[in-house]
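With compact mmCIF, C-alpha atoms inside, this is target_31.txt:
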# COMPACT_ATOMS: atom_id res chain seq x y z
CA MET A 1 -215.46 -45.35 -27.50
CA THR A 2 -213.76 -48.64 -28.36
CA ASP A 3 -210.44 -50.22 -27.31
CA ASN A 4 -208.96 -49.58 -30.77
CA ASN A 5 -209.39 -47.19 -33.74
CA SER A 6 -212.22 -49.16 -35.34
CA ALA A 7 -215.92 -48.91 -34.60
CA PHE A 8 -215.92 -52.18 -32.64
CA ASP A 9 -214.27 -53.46 -29.49
CA SER A 10 -211.67 -56.16 -30.09
CA LYS A 11 -213.84 -58.91 -28.54
CA GLU A 12 -216.74 -58.29 -30.93
CA TYR A 13 -214.76 -57.12 -33.95
CA ASP A 14 -214.89 -60.32 -36.02
CA ARG A 15 -218.67 -60.63 -35.68
CA LYS A 16 -219.46 -56.97 -36.23
CA VAL A 17 -217.20 -56.44 -39.23
CA LEU A 18 -219.03 -59.19 -41.14
CA GLN A 19 -222.24 -57.20 -40.63
CA THR A 20 -220.55 -54.04 -41.84
CA ILE A 21 -218.18 -54.61 -44.78
CA PRO A 22 -219.65 -56.14 -47.96
CA TYR A 23 -217.57 -59.00 -49.41
CA TYR A 24 -215.36 -58.98 -46.32
CA GLU A 25 -214.29 -62.63 -46.67
CA GLU A 26 -213.80 -62.27 -50.43
CA ILE A 27 -211.51 -59.28 -49.93
CA TYR A 28 -209.00 -61.51 -48.15
CA LYS A 29 -209.23 -64.22 -50.80
CA GLN A 30 -208.42 -61.62 -53.43
CA ILE A 31 -205.40 -60.43 -51.44
CA ILE A 32 -204.01 -63.96 -51.15
CA ASP A 33 -204.62 -64.58 -54.85
CA LEU A 34 -202.70 -61.41 -55.76
CA ILE A 35 -199.77 -62.30 -53.51
CA LYS A 36 -199.58 -65.84 -54.95
CA VAL A 37 -199.28 -64.52 -58.47
CA HIS A 38 -196.64 -61.93 -57.50
CA LYS A 39 -194.48 -64.06 -55.15
CA SER A 40 -195.54 -67.03 -53.06
CA ASP A 41 -192.50 -68.68 -51.46
CA GLY A 42 -190.38 -67.85 -48.43
CA LEU A 43 -192.32 -64.69 -47.64
CA SER A 44 -191.48 -62.16 -44.98
CA PHE A 45 -194.86 -60.56 -44.23
CA LEU A 46 -195.77 -57.36 -42.33
CA ASP A 47 -199.42 -56.67 -41.46
CA LEU A 48 -200.02 -53.11 -40.28
CA GLY A 49 -203.14 -52.54 -38.20
CA CYS A 50 -203.48 -56.30 -37.89
CA GLY A 51 -206.63 -56.29 -35.76
CA THR A 52 -207.59 -59.82 -34.77
CA GLY A 53 -205.35 -61.36 -37.43
CA LYS A 54 -207.71 -62.01 -40.32
CA ILE A 55 -205.04 -61.76 -43.01
CA ALA A 56 -202.79 -64.17 -41.10
CA GLU A 57 -205.70 -66.59 -40.79
CA VAL A 58 -205.86 -66.90 -44.58
CA ALA A 59 -202.16 -66.32 -45.30
CA PHE A 60 -200.62 -69.09 -43.19
CA PRO A 61 -202.55 -71.97 -44.83
CA ASN A 62 -202.12 -70.60 -48.35
CA LEU A 63 -198.65 -69.06 -48.55
CA ASP A 64 -195.10 -70.12 -47.72
CA ILE A 65 -194.35 -67.72 -44.86
CA ARG A 66 -191.04 -67.70 -43.03
CA ARG A 67 -191.68 -64.56 -40.95
CA PHE A 68 -194.90 -62.76 -40.03
CA VAL A 69 -194.94 -59.48 -38.10
CA PHE A 70 -198.20 -58.23 -36.54
CA VAL A 71 -198.44 -54.49 -35.80
CA ASP A 72 -201.37 -52.75 -34.14
CA SER A 73 -201.76 -49.71 -31.91
CA SER A 74 -204.23 -51.63 -29.71
CA GLU A 75 -202.76 -53.80 -26.96
CA ASN A 76 -206.02 -55.79 -26.89
CA MET A 77 -205.77 -56.61 -30.60
CA ILE A 78 -202.14 -57.73 -30.18
CA LYS A 79 -203.18 -59.87 -27.22
CA ILE A 80 -205.75 -61.62 -29.44
CA VAL A 81 -203.27 -62.32 -32.26
CA LYS A 82 -200.69 -63.58 -29.78
CA GLU A 83 -203.23 -66.11 -28.55
CA ARG A 84 -204.13 -67.11 -32.12
CA PHE A 85 -200.68 -67.16 -33.72
CA ALA A 86 -198.14 -67.93 -31.00
CA ASP A 87 -195.80 -69.44 -33.58
CA ILE A 88 -192.05 -69.21 -34.02
CA LYS A 89 -192.69 -67.44 -37.32
CA SER A 90 -194.69 -64.68 -35.61
CA GLU A 91 -193.58 -61.39 -34.08
CA PHE A 92 -195.81 -58.84 -32.34
CA ASN A 93 -195.48 -55.07 -32.06
CA VAL A 94 -197.82 -52.67 -30.26
CA CYS A 95 -197.18 -49.53 -32.26
CA ASN A 96 -198.93 -46.84 -34.29
CA ILE A 97 -198.20 -47.44 -37.98
CA ILE A 98 -196.77 -43.94 -38.36
CA ASN A 99 -194.11 -44.76 -35.77
CA THR A 100 -192.83 -47.95 -37.42
CA SER A 101 -189.26 -47.94 -38.70
CA TYR A 102 -188.73 -51.10 -40.76
CA THR A 103 -186.28 -50.84 -43.66
CA GLU A 104 -186.12 -53.30 -46.59
CA GLU A 105 -187.23 -56.29 -44.50
CA PHE A 106 -190.43 -57.56 -46.12
CA ASP A 107 -191.72 -59.13 -49.31
CA VAL A 108 -195.33 -58.24 -48.45
CA VAL A 109 -196.80 -55.34 -46.48
CA THR A 110 -200.56 -55.17 -45.92
CA ALA A 111 -202.75 -52.49 -44.36
CA ILE A 112 -206.39 -53.56 -44.48
CA LEU A 113 -209.04 -50.97 -43.56
CA VAL A 114 -206.43 -49.02 -41.62
CA ASN A 115 -204.96 -46.07 -43.49
CA HIS A 116 -208.27 -44.25 -43.84
CA TYR A 117 -207.89 -43.34 -40.15
CA PHE A 118 -205.15 -40.92 -41.19
CA HIS A 119 -205.76 -37.51 -42.73
CA LYS A 120 -204.62 -37.14 -46.33
CA GLU A 121 -201.41 -35.34 -45.41
CA GLU A 122 -200.48 -38.20 -43.05
CA LYS A 123 -201.29 -40.95 -45.54
CA THR A 124 -198.24 -40.16 -47.67
CA ASP A 125 -196.02 -40.45 -44.59
CA VAL A 126 -197.61 -43.79 -43.73
CA LEU A 127 -197.21 -45.10 -47.27
CA LYS A 128 -193.57 -44.01 -47.29
CA LYS A 129 -193.15 -46.19 -44.19
CA CYS A 130 -194.73 -49.09 -46.10
CA TYR A 131 -192.46 -48.46 -49.08
CA SER A 132 -189.38 -48.33 -46.85
CA ALA A 133 -190.33 -51.60 -45.15
CA LEU A 134 -190.39 -53.48 -48.47
CA ARG A 135 -187.48 -55.16 -50.17
CA SER A 136 -186.94 -54.50 -53.88
CA GLY A 137 -189.69 -56.32 -55.75
CA GLY A 138 -191.93 -56.34 -52.69
CA ILE A 139 -195.67 -55.67 -52.80
CA TYR A 140 -197.81 -53.38 -50.67
CA ILE A 141 -201.54 -54.13 -50.53
CA GLY A 142 -204.01 -51.75 -48.94
CA PHE A 143 -207.78 -51.72 -48.57
CA GLU A 144 -209.60 -48.57 -47.54
CA ASN A 145 -212.96 -46.90 -47.59
CA PHE A 146 -212.89 -44.32 -50.36
CA MET A 147 -214.62 -41.02 -51.13
CA PRO A 148 -216.92 -40.87 -54.18
CA TYR A 149 -216.33 -38.02 -56.62
CA THR A 150 -219.69 -36.26 -56.22
CA GLU A 151 -222.02 -35.40 -53.35
CA TYR A 152 -224.79 -37.46 -54.87
CA GLY A 153 -222.41 -40.36 -55.41
CA LYS A 154 -221.47 -40.13 -51.74
CA HIS A 155 -225.13 -39.99 -50.66
CA LEU A 156 -226.08 -42.98 -52.80
CA ALA A 157 -223.11 -45.06 -51.67
CA LEU A 158 -223.74 -44.35 -47.98
CA GLU A 159 -227.43 -45.20 -48.27
CA ARG A 160 -226.53 -48.43 -50.05
CA TRP A 161 -224.01 -49.23 -47.31
CA LYS A 162 -226.63 -48.56 -44.65
CA ALA A 163 -229.06 -50.90 -46.42
CA TYR A 164 -226.42 -53.64 -46.49
CA GLN A 165 -225.91 -53.39 -42.74
CA LEU A 166 -229.66 -53.50 -42.10
CA CYS A 167 -229.86 -56.69 -44.19
CA LYS A 168 -227.10 -58.22 -42.07
CA GLY A 169 -229.03 -57.76 -38.83
CA LYS A 170 -227.98 -54.40 -37.47
CA ASN A 171 -230.72 -52.12 -36.20
CA PHE A 172 -231.32 -48.72 -37.79
CA LYS A 173 -229.58 -46.81 -34.99
CA GLU A 174 -226.42 -48.92 -35.31
CA CYS A 175 -226.39 -48.46 -39.07
CA GLN A 176 -226.86 -44.71 -38.89
CA GLU A 177 -224.16 -44.37 -36.23
CA HIS A 178 -221.71 -46.23 -38.45
CA ILE A 179 -222.56 -44.12 -41.49
CA ASN A 180 -222.11 -40.98 -39.39
CA ARG A 181 -218.46 -41.93 -38.81
CA PHE A 182 -217.68 -41.26 -42.49
CA GLY A 183 -215.41 -38.22 -42.73
CA VAL A 184 -215.51 -37.75 -38.95
CA ASP A 185 -213.78 -40.75 -37.35
CA TYR A 186 -211.96 -41.76 -40.53
CA PHE A 187 -211.02 -39.73 -43.58
CA PRO A 188 -211.62 -41.28 -47.02
CA ILE A 189 -210.06 -39.86 -50.16
CA THR A 190 -210.93 -40.48 -53.80
CA ILE A 191 -209.46 -43.37 -55.77
CA SER A 192 -207.47 -40.92 -57.91
CA GLU A 193 -205.98 -39.40 -54.77
CA HIS A 194 -205.04 -42.88 -53.55
CA LEU A 195 -203.05 -43.55 -56.71
CA GLU A 196 -201.46 -40.11 -56.55
CA ILE A 197 -200.11 -40.52 -53.02
CA MET A 198 -198.92 -44.06 -53.80
CA LYS A 199 -196.72 -42.60 -56.52
CA GLN A 200 -195.64 -39.73 -54.26
CA SER A 201 -194.58 -42.36 -51.72
CA GLY A 202 -192.20 -43.99 -54.19
CA PHE A 203 -194.18 -46.81 -55.78
CA ASP A 204 -193.35 -47.22 -59.48
CA VAL A 205 -196.39 -49.45 -59.94
CA ALA A 206 -199.67 -48.37 -58.30
CA GLU A 207 -202.86 -50.13 -59.36
CA ILE A 208 -206.46 -50.76 -58.32
CA PHE A 209 -207.40 -54.43 -58.08
CA TRP A 210 -210.74 -54.38 -56.27
CA ILE A 211 -213.71 -52.04 -55.82
CA SER A 212 -216.90 -52.93 -53.99
CA ASN A 213 -219.43 -50.55 -52.48
CA MET A 214 -217.20 -48.01 -50.68
CA GLN A 215 -214.06 -50.15 -50.34
CA VAL A 216 -211.10 -50.09 -52.72
CA GLY A 217 -208.12 -52.44 -52.93
CA ILE A 218 -204.82 -50.96 -54.13
CA TYR A 219 -201.39 -52.50 -54.58
CA GLY A 220 -197.96 -51.01 -55.17
CA ILE A 221 -194.69 -52.63 -56.25
CA LYS A 222 -191.28 -51.43 -55.11
CA HIS A 223 -188.67 -51.76 -57.85
Final structure tokens representation of the file:
Amino acid sequence: MTDNNSAFDSKEYDRKVLQTIPYYEEIYKQIIDLIKVHKSDGLSFLDLGCGTGKIAEVAFPNLDIRRFVFVDSSENMIKIVKERFADIKSEFNVCNIINTSYTEEFDVVTAILVNHYFHKEEKTDVLKKCYSALRSGGIYIGFENFMPYTEYGKHLALERWKAYQLCKGKNFKECQEHINRFGVDYFPITISEHLEIMKQSGFDVAEIFWISNMQVGIYGIKH
């Protein structure tokens, strides 16, 4: 049991996630690159499930941000980001994503390795919240673990993921425990299903911009 929805306590999260998610640092670079191309000045930014504030760490030095709102259901995570980003541009909200109620306030909404904690039927509700929070022309960017299309594809991907974690210094028990969370503690869906519920949530544009191992990056534009 951890102090948040992830596999790791807030105090060890940054170290453990690097041992767990392939291309973790690169994922955030890709997000910033995408935002820059779409819109880069005077941004109002909402990060849902903010964790320890990784996206803010790379966003503040690289984007023109006038408002940044951190949301997380974990009080300990919000405490960490308050200590890291106690800036006049920053706001903090301890709240489950599904209970947020922002309306047409943001140019960018991100949810990084968060929405897979919701069952499929809840994901559409969450994405509707993201859509509602965006202004016209705003961009939603999400990263999630995804479900392969076949049982063998799932087996191969999970074994590959376990091998990655072993290479990064985890012991076999830790690796197996993390793999055992798949479909039990979080609920991946296929990439096709991701695109389908994005469109059901209102996004006119829904695209894949990154796939690595078992993680997929998706963005949606609100027209």
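Closest approach to Gly142 (chain A) among A:Ala86, A:Val58, A:Ile31, A:Leu156 is made by A:Ile31 (distances from all atoms listed in the file).
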### Message
Using all atoms listed in the file - which residues lie no farther than 10 Å from the point (-205.3, -42.6, -52.0) in the file's frame? Write them as a PyMOL selection string.
### Response
chain A and resi 115-116+120+123-124+127+142+144-147+188-199+216+218
### Task
Between A:Ile78, A:Val94, A:Ile32, A:Val184, single out the one closest to Pro61 (chain A), counting only C-alpha atoms.
A:Ile32
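Between CA of Ile139 (chain A) and CA of Leu113 (chain A) lies a distance of 16.9 Å.
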#### Entry: Shell around Gly202 (chain A) at 12 Å using all atoms listed in the file, local window under 3 positions removed, as a ChimeraX atom specification
/A:124-134,136,140,195-199,205-206,220-223
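As for CA of Arg160 (chain A) and CA of Asn213 (chain A), they are spaced 7.8 Å apart.
The smallest atom-to-atom distance between Ser90 (chain A) and any of A:Val108, A:Ala56, A:Met77, A:Ile208, using all atoms listed in the file, is found for A:Ala56.
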### Query
At a cut-off of 12 Å from (-202.4, -63.4, -34.5) in the coordinates of the file, what residues are picked up using all atoms listed in the file, written as a ChimeraX atom specification?
/A:46-47,49-60,68-72,76-93
## Note on the structure
Judged by only C-alpha atoms, the minimum distance to Val109 (chain A) among A:Ile35, A:Met214, A:Ile141, A:Leu166 is found for A:Ile141
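Separating CA of Glu25 (chain A) from CA of His119 (chain A) is a distance of 26.8 Å.
Residue nearest Leu158 (chain A) within the list A:Phe182, A:Phe45, A:Phe143, A:Phe106: A:Phe182 [criterion: smallest interatomic distance, all atoms listed in the file].
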### Task
For each of A:Phe118, A:Tyr152, A:Tyr24, A:Trp210, take the minimum atom-to-atom distance to Asn5 (chain A), counting all atoms listed in the file, then give the residue where this is smallest.
A:Phe118
